[in-house]
file entry-v2.txt (compact mmCIF, C-alpha atoms (C1' of nucleotides))
# COMPACT_ATOMS: atom_id res chain seq x y z
CA MET A 3 11.07 -12.81 25.58
CA THR A 4 12.39 -10.17 23.24
CA THR A 5 11.24 -7.58 25.75
CA SER A 6 9.39 -7.65 29.03
CA ALA A 7 6.06 -6.49 27.64
CA THR A 8 3.45 -9.01 26.62
CA PRO A 9 3.23 -10.09 22.97
CA ARG A 10 0.05 -8.09 22.64
CA GLU A 11 1.67 -4.89 23.89
CA ARG A 12 4.72 -5.45 21.71
CA LEU A 13 2.50 -5.96 18.69
CA LEU A 14 0.43 -2.86 19.35
CA ASP A 15 3.55 -0.79 19.85
CA ALA A 16 5.29 -2.03 16.72
CA ALA A 17 2.08 -1.73 14.70
CA GLY A 18 1.50 1.83 15.87
CA GLU A 19 4.97 2.83 14.83
CA LEU A 20 5.32 0.90 11.57
CA PHE A 21 1.82 1.60 10.26
CA TYR A 22 2.58 5.26 10.80
CA ARG A 23 6.11 5.25 9.41
CA ASP A 24 5.61 2.93 6.45
CA GLY A 25 1.87 3.03 5.90
CA VAL A 26 -0.83 0.46 6.52
CA ASN A 27 0.38 -1.57 3.55
CA ILE A 28 3.43 -2.83 5.40
CA GLY A 29 3.44 -6.60 5.60
CA VAL A 30 2.41 -8.66 8.58
CA ASP A 31 5.74 -10.51 8.42
CA ALA A 32 7.78 -7.35 8.88
CA LEU A 33 5.44 -6.25 11.64
CA CYS A 34 5.73 -9.47 13.62
CA LYS A 35 9.47 -9.52 13.14
CA ALA A 36 9.73 -5.99 14.56
CA ALA A 37 7.53 -6.95 17.49
CA GLY A 38 9.39 -10.21 18.15
CA VAL A 39 6.10 -12.08 17.89
CA SER A 40 5.23 -14.97 15.63
CA LYS A 41 2.45 -14.70 13.11
CA LYS A 42 0.74 -17.52 14.87
CA SER A 43 0.55 -15.50 18.07
CA MET A 44 -0.54 -12.44 16.16
CA TYR A 45 -3.46 -14.21 14.58
CA GLN A 46 -4.41 -15.62 17.98
CA LEU A 47 -4.47 -12.13 19.45
CA PHE A 48 -6.11 -10.33 16.52
CA ARG A 49 -8.69 -11.56 14.08
CA SER A 50 -7.01 -9.92 11.10
CA LYS A 51 -4.56 -7.28 10.03
CA ASP A 52 -7.44 -4.83 9.70
CA GLU A 53 -8.33 -5.35 13.33
CA LEU A 54 -4.71 -4.84 14.33
CA ILE A 55 -4.71 -1.55 12.40
CA ALA A 56 -7.76 -0.39 14.30
CA GLU A 57 -6.59 -1.57 17.70
CA SER A 58 -3.10 -0.17 17.35
CA LEU A 59 -4.56 3.18 16.39
CA ALA A 60 -6.94 3.02 19.33
CA SER A 61 -4.10 2.10 21.70
CA ARG A 62 -2.08 5.11 20.61
CA GLY A 63 -5.00 7.50 20.41
CA PRO A 64 -5.03 8.44 24.10
CA ALA A 65 -1.28 8.96 24.12
CA TYR A 66 -1.59 11.14 21.04
CA GLN A 67 -4.30 13.18 22.73
CA THR A 68 -2.33 13.77 25.90
CA LEU A 69 0.69 14.63 23.81
CA LEU A 70 -1.27 17.47 22.28
CA GLN A 71 -3.56 18.60 25.03
CA PRO A 72 -2.43 20.34 28.19
CA GLY A 73 -2.67 18.12 31.22
CA VAL A 74 -4.48 18.78 34.45
CA GLU A 75 -1.42 20.52 35.81
CA ASP A 76 -1.92 23.36 33.35
CA ASN A 77 -5.14 24.55 34.95
CA ASP A 78 -3.76 28.03 35.35
CA LEU A 79 -3.72 28.47 31.60
CA SER A 80 -6.57 30.33 29.97
CA PRO A 81 -8.80 28.44 27.53
CA ARG A 82 -7.19 30.39 24.70
CA GLU A 83 -3.74 29.36 25.85
CA ARG A 84 -4.82 25.75 26.28
CA ILE A 85 -6.03 25.75 22.69
CA LEU A 86 -2.90 27.35 21.33
CA VAL A 87 -0.71 24.86 23.19
CA VAL A 88 -2.08 22.17 20.88
CA PHE A 89 -0.73 24.01 17.85
CA GLU A 90 2.56 24.78 19.53
CA ARG A 91 3.07 21.12 20.34
CA GLN A 92 2.18 20.16 16.81
CA ASP A 93 4.76 22.65 15.64
CA ALA A 94 7.35 21.05 17.89
CA MET A 95 6.51 17.59 16.59
CA VAL A 96 6.94 18.74 13.00
CA ALA A 97 10.24 20.36 13.92
CA THR A 98 11.67 17.01 14.97
CA GLY A 99 11.71 15.99 11.31
CA ASN A 100 10.01 12.66 11.95
CA TYR A 101 6.54 14.00 11.42
CA LEU A 102 4.54 12.20 8.74
CA GLY A 103 1.19 13.84 9.35
CA CYS A 104 -1.56 13.27 11.87
CA PRO A 105 -1.73 9.48 12.32
CA LEU A 106 -5.52 9.59 12.34
CA VAL A 107 -5.81 11.48 9.07
CA SER A 108 -3.03 9.49 7.42
CA THR A 109 -4.70 6.21 8.31
CA ALA A 110 -8.08 7.38 7.04
CA VAL A 111 -6.50 8.62 3.82
CA GLU A 112 -4.66 5.36 3.24
CA LEU A 113 -7.59 3.13 4.06
CA LYS A 114 -9.96 5.04 1.74
CA ASN A 115 -12.90 3.07 3.07
CA PRO A 116 -14.63 5.10 5.84
CA GLU A 117 -16.21 1.94 7.23
CA HIS A 118 -12.89 0.21 7.81
CA PRO A 119 -12.47 -0.35 11.55
CA GLY A 120 -9.33 1.78 11.41
CA SER A 121 -11.25 4.65 9.84
CA VAL A 122 -13.88 4.41 12.54
CA VAL A 123 -11.22 4.70 15.24
CA ALA A 124 -9.62 7.64 13.43
CA ARG A 125 -12.95 9.43 13.23
CA HIS A 126 -13.56 8.84 16.92
CA PHE A 127 -10.25 10.26 18.12
CA LYS A 128 -10.34 13.17 15.71
CA GLN A 129 -13.70 14.04 17.20
CA GLN A 130 -12.09 14.04 20.62
CA LEU A 131 -9.77 16.83 19.54
CA THR A 132 -12.76 18.83 18.34
CA ASP A 133 -14.48 18.12 21.66
CA PHE A 134 -11.46 19.41 23.56
CA PHE A 135 -11.54 22.63 21.56
CA HIS A 136 -15.26 22.87 22.18
CA ARG A 137 -14.90 22.55 25.95
CA GLU A 138 -12.27 25.27 26.06
CA LEU A 139 -14.30 27.54 23.79
CA VAL A 140 -17.32 27.18 26.04
CA LYS A 141 -15.14 28.10 29.00
CA ALA A 142 -13.93 31.12 27.05
CA GLY A 143 -17.50 32.14 26.38
CA ALA A 144 -17.35 31.79 22.60
CA GLU A 145 -20.47 32.75 20.73
CA ASP A 146 -20.50 29.70 18.44
CA PRO A 147 -18.19 27.13 20.06
CA SER A 148 -19.32 24.26 17.81
CA THR A 149 -18.37 25.96 14.56
CA LEU A 150 -15.18 27.37 16.01
CA ALA A 151 -14.10 23.98 17.36
CA VAL A 152 -14.50 22.46 13.90
CA GLN A 153 -12.57 25.34 12.37
CA LEU A 154 -9.70 24.87 14.80
CA THR A 155 -9.62 21.17 14.01
CA MET A 156 -9.44 22.02 10.34
CA ILE A 157 -6.54 24.36 10.92
CA PHE A 158 -4.80 21.62 12.86
CA ASP A 159 -5.23 19.13 10.02
CA GLY A 160 -4.36 21.74 7.43
CA ALA A 161 -1.10 22.47 9.22
CA SER A 162 -0.48 18.74 9.38
CA ALA A 163 -1.06 18.37 5.65
CA ARG A 164 1.25 21.28 4.96
CA ALA A 165 3.97 19.67 7.03
CA VAL A 166 3.66 16.46 5.02
CA VAL A 167 3.59 18.07 1.59
CA ARG A 168 6.35 20.57 2.30
CA ALA A 169 8.48 18.34 4.50
CA GLN A 170 9.63 21.45 6.34
CA PRO A 171 8.99 23.02 9.74
CA LEU A 172 5.75 24.94 10.04
CA GLY A 173 7.22 28.02 11.69
CA GLY A 174 4.23 28.63 13.91
CA ILE A 175 1.76 29.14 11.06
CA GLY A 176 -0.78 26.84 12.70
CA ALA A 177 -0.78 28.68 15.99
CA ALA A 178 -0.83 32.00 14.15
CA THR A 179 -3.91 30.99 12.16
CA ALA A 180 -5.72 29.63 15.20
CA SER A 181 -4.82 32.80 17.02
CA ALA A 182 -6.23 34.97 14.26
CA LEU A 183 -9.45 32.98 14.23
CA LEU A 184 -9.81 33.21 18.02
CA ASP A 185 -9.17 36.94 17.86
CA ALA A 186 -11.85 37.31 15.22
CA ALA A 187 -14.25 35.41 17.48
CA GLY A 188 -13.59 37.82 20.30
CA ILE A 189 -11.44 35.45 22.32
CA HIS A 190 -8.41 37.63 22.88
CA ALA A 191 -5.21 37.03 24.75
CA ALA A 192 -6.13 39.75 27.21
CA GLU A 193 -9.56 38.41 28.04
CA LEU A 194 -8.64 37.46 31.58
CA ALA A 195 -7.40 40.94 32.31
CA LEU A 196 -10.61 42.42 31.00
CA HIS A 197 -12.84 40.42 33.32
CA MET B 18 -7.43 0.11 -29.90
CA THR B 19 -9.56 -0.07 -26.77
CA THR B 20 -10.20 3.62 -27.18
CA SER B 21 -9.07 6.30 -29.56
CA ALA B 22 -6.55 7.90 -27.20
CA THR B 23 -2.92 6.87 -27.35
CA PRO B 24 -1.67 4.23 -24.92
CA ARG B 25 0.17 6.92 -23.05
CA GLU B 26 -2.97 9.02 -22.56
CA ARG B 27 -5.01 5.99 -21.58
CA LEU B 28 -2.39 5.03 -19.01
CA LEU B 29 -2.17 8.50 -17.53
CA ASP B 30 -5.96 8.70 -17.29
CA ALA B 31 -6.37 5.30 -15.69
CA ALA B 32 -3.45 5.92 -13.35
CA GLY B 33 -4.81 9.28 -12.27
CA GLU B 34 -8.13 7.73 -11.41
CA LEU B 35 -7.02 4.45 -9.87
CA PHE B 36 -4.13 5.86 -7.85
CA TYR B 37 -6.62 8.31 -6.39
CA ARG B 38 -9.45 5.86 -5.83
CA ASP B 39 -7.46 2.86 -4.59
CA GLY B 40 -4.18 4.41 -3.48
CA VAL B 41 -0.72 4.28 -5.00
CA ASN B 42 -0.33 0.68 -3.87
CA ILE B 43 -2.65 -0.61 -6.56
CA GLY B 44 -0.88 -3.08 -8.81
CA VAL B 45 0.52 -2.35 -12.23
CA ASP B 46 -1.43 -5.30 -13.64
CA ALA B 47 -4.79 -3.86 -12.59
CA LEU B 48 -3.70 -0.46 -13.89
CA CYS B 49 -2.72 -1.72 -17.32
CA LYS B 50 -5.86 -3.79 -17.56
CA ALA B 51 -7.99 -0.73 -16.82
CA ALA B 52 -6.08 1.29 -19.40
CA GLY B 53 -6.21 -1.46 -22.01
CA VAL B 54 -2.43 -1.31 -22.31
CA SER B 55 0.06 -4.12 -21.90
CA LYS B 56 2.70 -3.99 -19.22
CA LYS B 57 5.31 -4.14 -21.93
CA SER B 58 4.01 -0.91 -23.42
CA MET B 59 3.74 0.67 -20.00
CA TYR B 60 7.36 -0.02 -19.19
CA GLN B 61 8.35 1.32 -22.60
CA LEU B 62 6.49 4.57 -21.91
CA PHE B 63 7.49 4.96 -18.27
CA ARG B 64 10.68 4.01 -16.52
CA SER B 65 8.89 2.67 -13.45
CA LYS B 66 5.66 2.72 -11.54
CA ASP B 67 7.04 5.58 -9.46
CA GLU B 68 7.51 7.66 -12.58
CA LEU B 69 3.97 6.84 -13.68
CA ILE B 70 2.70 8.01 -10.30
CA ALA B 71 4.49 11.32 -10.74
CA GLU B 72 3.52 11.83 -14.36
CA SER B 73 -0.12 10.93 -13.86
CA LEU B 74 -0.31 13.38 -10.98
CA ALA B 75 1.38 16.03 -13.11
CA SER B 76 -1.01 15.36 -15.98
CA ARG B 77 -4.04 15.85 -13.76
CA GLY B 78 -2.61 18.74 -11.80
CA PRO B 79 -3.59 21.48 -14.25
CA ALA B 80 -7.12 20.05 -14.60
CA TYR B 81 -7.40 19.97 -10.83
CA GLN B 82 -6.28 23.59 -10.62
CA THR B 83 -8.77 24.82 -13.19
CA LEU B 84 -11.47 22.80 -11.49
CA LEU B 85 -10.87 24.83 -8.37
CA GLN B 86 -9.84 28.20 -9.63
CA PRO B 87 -12.12 30.63 -11.42
CA GLY B 88 -11.29 30.92 -15.10
CA VAL B 89 -10.56 34.04 -17.09
CA GLU B 90 -14.28 34.47 -17.74
CA ASP B 91 -14.80 35.31 -14.09
CA ASN B 92 -12.86 38.53 -14.23
CA ASP B 93 -15.78 40.48 -12.85
CA LEU B 94 -15.41 38.67 -9.53
CA SER B 95 -13.57 40.42 -6.73
CA PRO B 96 -10.35 38.85 -5.43
CA ARG B 97 -12.24 37.85 -2.30
CA GLU B 98 -14.90 36.13 -4.34
CA ARG B 99 -12.34 34.41 -6.52
CA ILE B 100 -10.73 33.00 -3.40
CA LEU B 101 -13.99 31.84 -1.90
CA VAL B 102 -14.99 30.15 -5.13
CA VAL B 103 -12.17 27.66 -4.50
CA PHE B 104 -13.74 26.60 -1.23
CA GLU B 105 -17.23 26.49 -2.70
CA ARG B 106 -16.06 24.20 -5.46
CA GLN B 107 -14.28 22.00 -2.97
CA ASP B 108 -17.51 21.84 -1.03
CA ALA B 109 -19.35 20.76 -4.17
CA MET B 110 -16.77 18.08 -4.89
CA VAL B 111 -17.14 16.67 -1.39
CA ALA B 112 -20.91 16.72 -1.76
CA THR B 113 -20.72 14.33 -4.71
CA GLY B 114 -19.70 11.61 -2.27
CA ASN B 115 -16.75 10.48 -4.38
CA TYR B 116 -14.29 12.76 -2.67
CA LEU B 117 -11.29 10.98 -1.17
CA GLY B 118 -9.25 14.04 -0.23
CA CYS B 119 -7.01 16.34 -2.16
CA PRO B 120 -5.12 14.09 -4.60
CA LEU B 121 -1.90 15.98 -3.97
CA VAL B 122 -2.04 15.60 -0.21
CA SER B 123 -3.24 12.00 -0.38
CA THR B 124 -0.39 11.05 -2.67
CA ALA B 125 2.18 12.75 -0.46
CA VAL B 126 0.73 11.07 2.62
CA GLU B 127 0.78 7.64 1.01
CA LEU B 128 4.25 7.97 -0.45
CA LYS B 129 5.74 9.11 2.89
CA ASN B 130 9.03 9.90 1.19
CA PRO B 131 9.12 13.64 0.31
CA GLU B 132 11.78 12.99 -2.32
CA HIS B 133 9.65 10.55 -4.26
CA PRO B 134 8.98 12.04 -7.71
CA GLY B 135 5.26 11.93 -6.93
CA SER B 136 5.80 13.94 -3.75
CA VAL B 137 7.77 16.51 -5.68
CA VAL B 138 4.91 16.95 -8.14
CA ALA B 139 2.41 17.20 -5.29
CA ARG B 140 4.47 19.88 -3.62
CA HIS B 141 4.71 21.81 -6.86
CA PHE B 142 0.99 21.88 -7.57
CA LYS B 143 0.05 22.58 -3.99
CA GLN B 144 2.32 25.60 -4.19
CA GLN B 145 0.38 26.72 -7.26
CA LEU B 146 -2.77 26.92 -5.19
CA THR B 147 -0.95 29.04 -2.64
CA ASP B 148 0.37 31.21 -5.47
CA PHE B 149 -3.16 31.71 -6.78
CA PHE B 150 -4.31 32.85 -3.34
CA HIS B 151 -1.29 35.13 -3.15
CA ARG B 152 -2.05 36.83 -6.46
CA GLU B 153 -5.63 37.49 -5.45
CA LEU B 154 -4.59 38.75 -2.03
CA VAL B 155 -2.15 41.19 -3.59
CA LYS B 156 -4.94 42.41 -5.85
CA ALA B 157 -7.12 42.84 -2.77
CA GLY B 158 -4.39 44.87 -1.09
CA ALA B 159 -3.78 42.45 1.76
CA GLU B 160 -1.24 43.55 4.32
CA ASP B 161 0.59 40.21 4.52
CA PRO B 162 -0.45 38.26 1.41
CA SER B 163 2.24 35.59 1.84
CA THR B 164 1.12 34.49 5.28
CA LEU B 165 -2.53 34.75 4.38
CA ALA B 166 -2.07 32.67 1.24
CA VAL B 167 -0.48 29.90 3.28
CA GLN B 168 -3.27 30.10 5.83
CA LEU B 169 -5.92 29.77 3.14
CA THR B 170 -4.11 26.76 1.72
CA MET B 171 -4.09 25.22 5.16
CA ILE B 172 -7.80 25.78 5.53
CA PHE B 173 -8.31 24.14 2.17
CA ASP B 174 -6.32 21.07 3.17
CA GLY B 175 -7.90 21.01 6.60
CA ALA B 176 -11.34 20.94 5.03
CA SER B 177 -10.14 18.20 2.73
CA ALA B 178 -8.89 16.15 5.68
CA ARG B 179 -12.16 16.64 7.48
CA ALA B 180 -14.08 15.41 4.47
CA VAL B 181 -11.98 12.26 4.39
CA VAL B 182 -12.15 11.49 8.09
CA ARG B 183 -15.81 12.28 8.47
CA ALA B 184 -16.97 10.97 5.10
CA GLN B 185 -19.70 13.55 5.15
CA PRO B 186 -20.43 16.83 3.33
CA LEU B 187 -18.59 19.85 4.65
CA GLY B 188 -21.57 22.17 4.80
CA GLY B 189 -19.62 25.24 3.78
CA ILE B 190 -17.29 25.18 6.77
CA GLY B 191 -14.25 25.72 4.55
CA ALA B 192 -15.64 28.82 2.88
CA ALA B 193 -16.87 30.08 6.23
CA THR B 194 -13.43 29.75 7.77
CA ALA B 195 -11.69 31.36 4.82
CA SER B 196 -14.25 34.11 4.94
CA ALA B 197 -13.62 34.74 8.63
CA LEU B 198 -9.89 34.89 8.04
CA LEU B 199 -10.27 37.31 5.14
CA ASP B 200 -12.56 39.48 7.22
CA ALA B 201 -10.01 39.54 10.01
CA ALA B 202 -7.38 40.62 7.48
CA GLY B 203 -9.55 43.54 6.40
CA ILE B 204 -10.59 42.00 3.10
CA HIS B 205 -14.33 42.36 3.37
CA ALA B 206 -17.10 41.47 1.00
CA ALA B 207 -17.96 45.13 0.63
CA GLU B 208 -14.45 46.27 -0.20
CA LEU B 209 -15.28 47.14 -3.81
CA ALA B 210 -18.10 49.40 -2.71
CA LEU B 211 -15.80 51.20 -0.30
CA HIS B 212 -13.24 52.13 -2.95
C1' DC C 21 9.39 -35.66 37.01
C1' DT C 22 5.28 -35.11 34.23
C1' DC C 23 1.90 -32.67 31.86
C1' DA C 24 -0.32 -29.02 29.57
C1' DA C 25 -0.22 -24.48 27.90
C1' DT C 26 2.32 -20.67 25.77
C1' DG C 27 4.52 -18.95 21.97
C1' DG C 28 8.41 -18.61 18.56
C1' DA C 29 10.43 -20.53 13.95
C1' DA C 30 9.35 -21.69 9.73
C1' DA C 31 7.06 -24.16 6.05
C1' DC C 32 3.14 -23.74 3.36
C1' DT C 33 -1.21 -21.97 0.80
C1' DG C 34 -2.54 -19.26 -3.16
C1' DA C 35 -2.62 -14.79 -4.46
C1' DT C 36 -0.35 -10.60 -5.75
C1' DC C 37 3.64 -7.48 -6.31
C1' DT C 38 7.19 -5.01 -9.83
C1' DG C 39 9.55 -5.69 -13.74
C1' DT C 40 11.23 -8.59 -17.96
C1' DT C 41 10.64 -11.33 -21.74
C1' DT C 42 8.81 -13.99 -25.61
C1' DC C 43 5.64 -14.42 -29.19
C1' DC C 44 2.49 -12.91 -32.47
C1' DA C 45 -1.10 -10.04 -34.69
C1' DC C 46 -1.66 -5.95 -37.00
C1' DC C 47 -0.71 -1.98 -39.99
C1' DA C 48 1.54 1.59 -42.58
C1' DC C 49 4.97 2.12 -46.02
C1' DC C 50 7.67 0.68 -50.06
C1' DG D 21 3.73 -8.88 -51.48
C1' DG D 22 7.27 -7.97 -48.36
C1' DT D 23 9.14 -5.34 -44.18
C1' DG D 24 9.72 -2.93 -39.97
C1' DG D 25 7.58 -0.96 -36.06
C1' DT D 26 3.85 -0.80 -32.66
C1' DG D 27 1.63 -2.94 -29.14
C1' DG D 28 -1.30 -6.56 -26.89
C1' DA D 29 -1.36 -11.37 -24.52
C1' DA D 30 0.80 -14.03 -21.56
C1' DA D 31 4.47 -16.55 -19.36
C1' DC D 32 8.11 -15.76 -16.42
C1' DA D 33 11.31 -14.09 -12.53
C1' DG D 34 11.82 -13.51 -7.58
C1' DA D 35 9.79 -11.19 -3.93
C1' DT D 36 6.10 -10.30 -0.96
C1' DC D 37 1.16 -10.39 0.47
C1' DA D 38 -2.47 -12.36 4.25
C1' DG D 39 -3.39 -16.14 6.67
C1' DT D 40 -2.79 -21.27 8.32
C1' DT D 41 -0.41 -24.95 10.06
C1' DT D 42 3.17 -27.98 11.89
C1' DC D 43 6.75 -28.64 15.01
C1' DC D 44 9.40 -27.81 18.96
C1' DA D 45 11.47 -25.29 23.02
C1' DT D 46 10.31 -23.31 27.17
C1' DT D 47 7.87 -22.86 31.43
C1' DG D 48 4.99 -23.15 35.42
C1' DA D 49 1.77 -26.33 38.06
C1' DG D 50 0.83 -30.66 40.08
call {"tool": "encode", "arguments": {"input": "entry-v2.txt", "output": "structure tokens"}}
result
Amino acid sequence: MTTSATPRERLLDAAGELFYRDGVNIGVDALCKAAGVSKKSMYQLFRSKDELIAESLASRGPAYQTLLQPGVEDNDLSPRERILVVFERQDAMVATGNYLGCPLVSTAVELKNPEHPGSVVARHFKQQLTDFFHRELVKAGAEDPSTLAVQLTMIFDGASARAVVRAQPLGGIGAATASALLDAAGIHAAELALH
Amino acid sequence: MTTSATPRERLLDAAGELFYRDGVNIGVDALCKAAGVSKKSMYQLFRSKDELIAESLASRGPAYQTLLQPGVEDNDLSPRERILVVFERQDAMVATGNYLGCPLVSTAVELKNPEHPGSVVARHFKQQLTDFFHRELVKAGAEDPSTLAVQLTMIFDGASARAVVRAQPLGGIGAATASALLDAAGIHAAELALH
DNA sequence: CTCAATGGAAACTGATCTGTTTCCACCACC
DNA sequence: GGTGGTGGAAACAGATCAGTTTCCATTGAG
């Protein structure tokens, strides 16, 4: 009624945004009001607020991934470039001024409990970023793609933490660090030309 | 009365621990109960809960720094070693299983508002870690100590985020990444022997 | 038109939130 | 033996928390 989407979609959308903007401690009343859904409907659609946290994170996870990772249309990019695009897009997101940290990390930090369904979802999607790095590193012929993928993920989350604490643009420091690490691993910008 | 410390000290101690363990949304009642201090006394000593958040973080900041950074007794360590000690100690803290992320980053993430007095304190002490790295990098003759210090801080916070999301030991990945970055910057383990 | 299902509005539970206030026990100082 | 200050216990304010329930308007099917 408020919008054309179903109550469930409206709830997931509002939850994804408000849990991120205001933290997971925001009240269910405010959430339902923002979604234009009654609490009755909410508790018919979701067992509890905790489940809504997890499901809203899961519903936004794929969108968050595609926001960061180059799509299929970027197949002409080298693995190195495809990796660095992630950091460049992160940089752009921070530059908008609305960035409050990686939603996955923020949720895990706020929930504290690693067994909370929301923490489980966060862990899952964060692993997907590492997996993306891993695939590209294998394509690039990295010597130790597993370690390097974890290191790149750490740089990503470190840049995210810096953006939160400083509340200022990153100025490309994430991409620069990832670049330095890739260089050190022998994955250079000119690798395609060398082959 | 409950302990020998003054009510103020007891409050700052309890706040530092509970805000970290349970998040800044823990209630003032639970906090005062843990500190053995009445709410009346708390609100005489601190203007608001927000101020208590900031002051408790500030009171634990120096302890947190010295926990991470090598003391004056470690003057025989090289700058490189002094930097890597930070990551080794972080690794050890994560290994205890009680690690819930860097208190500074967690507080900033939870508060969302970068102008909150607690966020200001977090920013200040996080900068001190970067400053420590910078001093050591200058000593080591780094070419671009400013950038490198920021990168090391990012690796530190990235490792911290990983520990939270994964809820597992880090296995030295932080030190390994910092080490790789220092190597790439020409600050090698053998530098003292080369001089 | 009738009937049943959907779902929003809002009251309600009992607990908790931040912050204020009252009251009283204690304790050092005179 | 007073006296003033410190500080804990606890009630209180008004708001909000998660979650349940009642009531009613709408809507699509028969």
call {"tool": "closest_atom_pairs", "arguments": {"input": "entry-v2.txt", "of": "chain A", "to": "chain C", "cutoff": "12 Å", "atoms": "all atoms listed in the file", "output": "JSON lines"}}
result
{"residue": "A:Met3", "atom": "CA", "partner": "C:DG28", "partner_atom": "C1'", "distance": 9.5}
{"residue": "A:Thr4", "atom": "CA", "partner": "C:DG28", "partner_atom": "C1'", "distance": 10.4}
{"residue": "A:Thr8", "atom": "CA", "partner": "C:DG27", "partner_atom": "C1'", "distance": 11.0}
{"residue": "A:Pro9", "atom": "CA", "partner": "C:DG27", "partner_atom": "C1'", "distance": 9.0}
{"residue": "A:Arg10", "atom": "CA", "partner": "C:DG27", "partner_atom": "C1'", "distance": 11.8}
{"residue": "A:Asn27", "atom": "CA", "partner": "C:DC37", "partner_atom": "C1'", "distance": 11.9}
{"residue": "A:Gly29", "atom": "CA", "partner": "C:DC37", "partner_atom": "C1'", "distance": 11.9}
{"residue": "A:Asp31", "atom": "CA", "partner": "C:DA30", "partner_atom": "C1'", "distance": 11.8}
{"residue": "A:Cys34", "atom": "CA", "partner": "C:DG28", "partner_atom": "C1'", "distance": 10.7}
{"residue": "A:Lys35", "atom": "CA", "partner": "C:DG28", "partner_atom": "C1'", "distance": 10.6}
{"residue": "A:Ala37", "atom": "CA", "partner": "C:DG28", "partner_atom": "C1'", "distance": 11.7}
{"residue": "A:Gly38", "atom": "CA", "partner": "C:DG28", "partner_atom": "C1'", "distance": 8.5}
{"residue": "A:Val39", "atom": "CA", "partner": "C:DG28", "partner_atom": "C1'", "distance": 7.0}
{"residue": "A:Ser40", "atom": "CA", "partner": "C:DG28", "partner_atom": "C1'", "distance": 5.7}
{"residue": "A:Lys41", "atom": "CA", "partner": "C:DG28", "partner_atom": "C1'", "distance": 9.0}
{"residue": "A:Lys42", "atom": "CA", "partner": "C:DG27", "partner_atom": "C1'", "distance": 8.2}
{"residue": "A:Ser43", "atom": "CA", "partner": "C:DG27", "partner_atom": "C1'", "distance": 6.5}
{"residue": "A:Met44", "atom": "CA", "partner": "C:DG27", "partner_atom": "C1'", "distance": 10.1}
{"residue": "A:Tyr45", "atom": "CA", "partner": "C:DG27", "partner_atom": "C1'", "distance": 11.9}
{"residue": "A:Gln46", "atom": "CA", "partner": "C:DG27", "partner_atom": "C1'", "distance": 10.3}
{"residue": "A:Leu47", "atom": "CA", "partner": "C:DG27", "partner_atom": "C1'", "distance": 11.6}
call {"tool": "interface_residues", "arguments": {"input": "entry-v2.txt", "of": "chain D", "to": "chain B", "cutoff": "9 Å", "atoms": "only C-alpha atoms (C1' of nucleotides)", "output": "list in words"}}
result
DG27, DG28 and DA29 of chain D
call {"tool": "interface_residues", "arguments": {"input": "entry-v2.txt", "of": "chain A", "to": "chain B", "cutoff": "9 Å", "atoms": "all atoms listed in the file", "output": "number ranges by chain"}}
result
A: 23-25, 27, 102-103, 106-108, 110-114, 116, 121-122, 124-125, 128, 149-150, 152-153, 155-164, 166-169, 175-176, 178-179, 182-183, 185-187
call {"tool": "atom_distance", "arguments": {"input": "entry-v2.txt", "atom1": "C1' of DT42 in chain D", "atom2": "CA of Ala17 in chain A"}}
result
26.4 Å
call {"tool": "atom_distance", "arguments": {"input": "entry-v2.txt", "atom1": "CA of Ile55 in chain A", "atom2": "CA of Leu187 in chain B"}}
result
26.7 Å
call {"tool": "atom_distance", "arguments": {"input": "entry-v2.txt", "atom1": "CA of Glu138 in chain A", "atom2": "CA of Thr68 in chain A"}}
result
15.2 Å
call {"tool": "residues_around", "arguments": {"input": "entry-v2.txt", "residues": "Gly18 in chain A", "least_positions_apart": "6", "cutoff": "7 Å", "atoms": "only C-alpha atoms (C1' of nucleotides)", "output": "JSON, numbers by chain"}}
result
{"A": [58, 59, 62]}
call {"tool": "build_atoms", "arguments": {"input": "entry-v2.txt", "residues": "range 173-180 of chain A", "atoms": "N, CA and C atoms", "output": "CSV table (one decimal), keeping the file's coordinate frame"}}
result
chain,number,residue,atom,x,y,z
A,173,GLY,N,6.9,26.6,11.3
A,173,GLY,CA,7.2,28.0,11.7
A,173,GLY,C,6.1,28.7,12.4
A,174,GLY,N,5.3,28.0,13.1
A,174,GLY,CA,4.2,28.6,13.9
A,174,GLY,C,3.0,29.1,13.1
A,175,ILE,N,2.9,28.7,11.9
A,175,ILE,CA,1.8,29.1,11.1
A,175,ILE,C,0.4,28.6,11.6
A,176,GLY,N,0.5,27.4,12.2
A,176,GLY,CA,-0.8,26.8,12.7
A,176,GLY,C,-1.3,27.7,13.9
A,177,ALA,N,-0.4,27.9,14.8
A,177,ALA,CA,-0.8,28.7,16.0
A,177,ALA,C,-1.2,30.1,15.6
A,178,ALA,N,-0.5,30.6,14.6
A,178,ALA,CA,-0.8,32.0,14.2
A,178,ALA,C,-2.2,32.0,13.6
A,179,THR,N,-2.6,31.0,12.8
A,179,THR,CA,-3.9,31.0,12.2
A,179,THR,C,-5.0,30.8,13.2
A,180,ALA,N,-4.7,29.8,14.1
A,180,ALA,CA,-5.7,29.6,15.2
A,180,ALA,C,-5.9,30.9,16.0
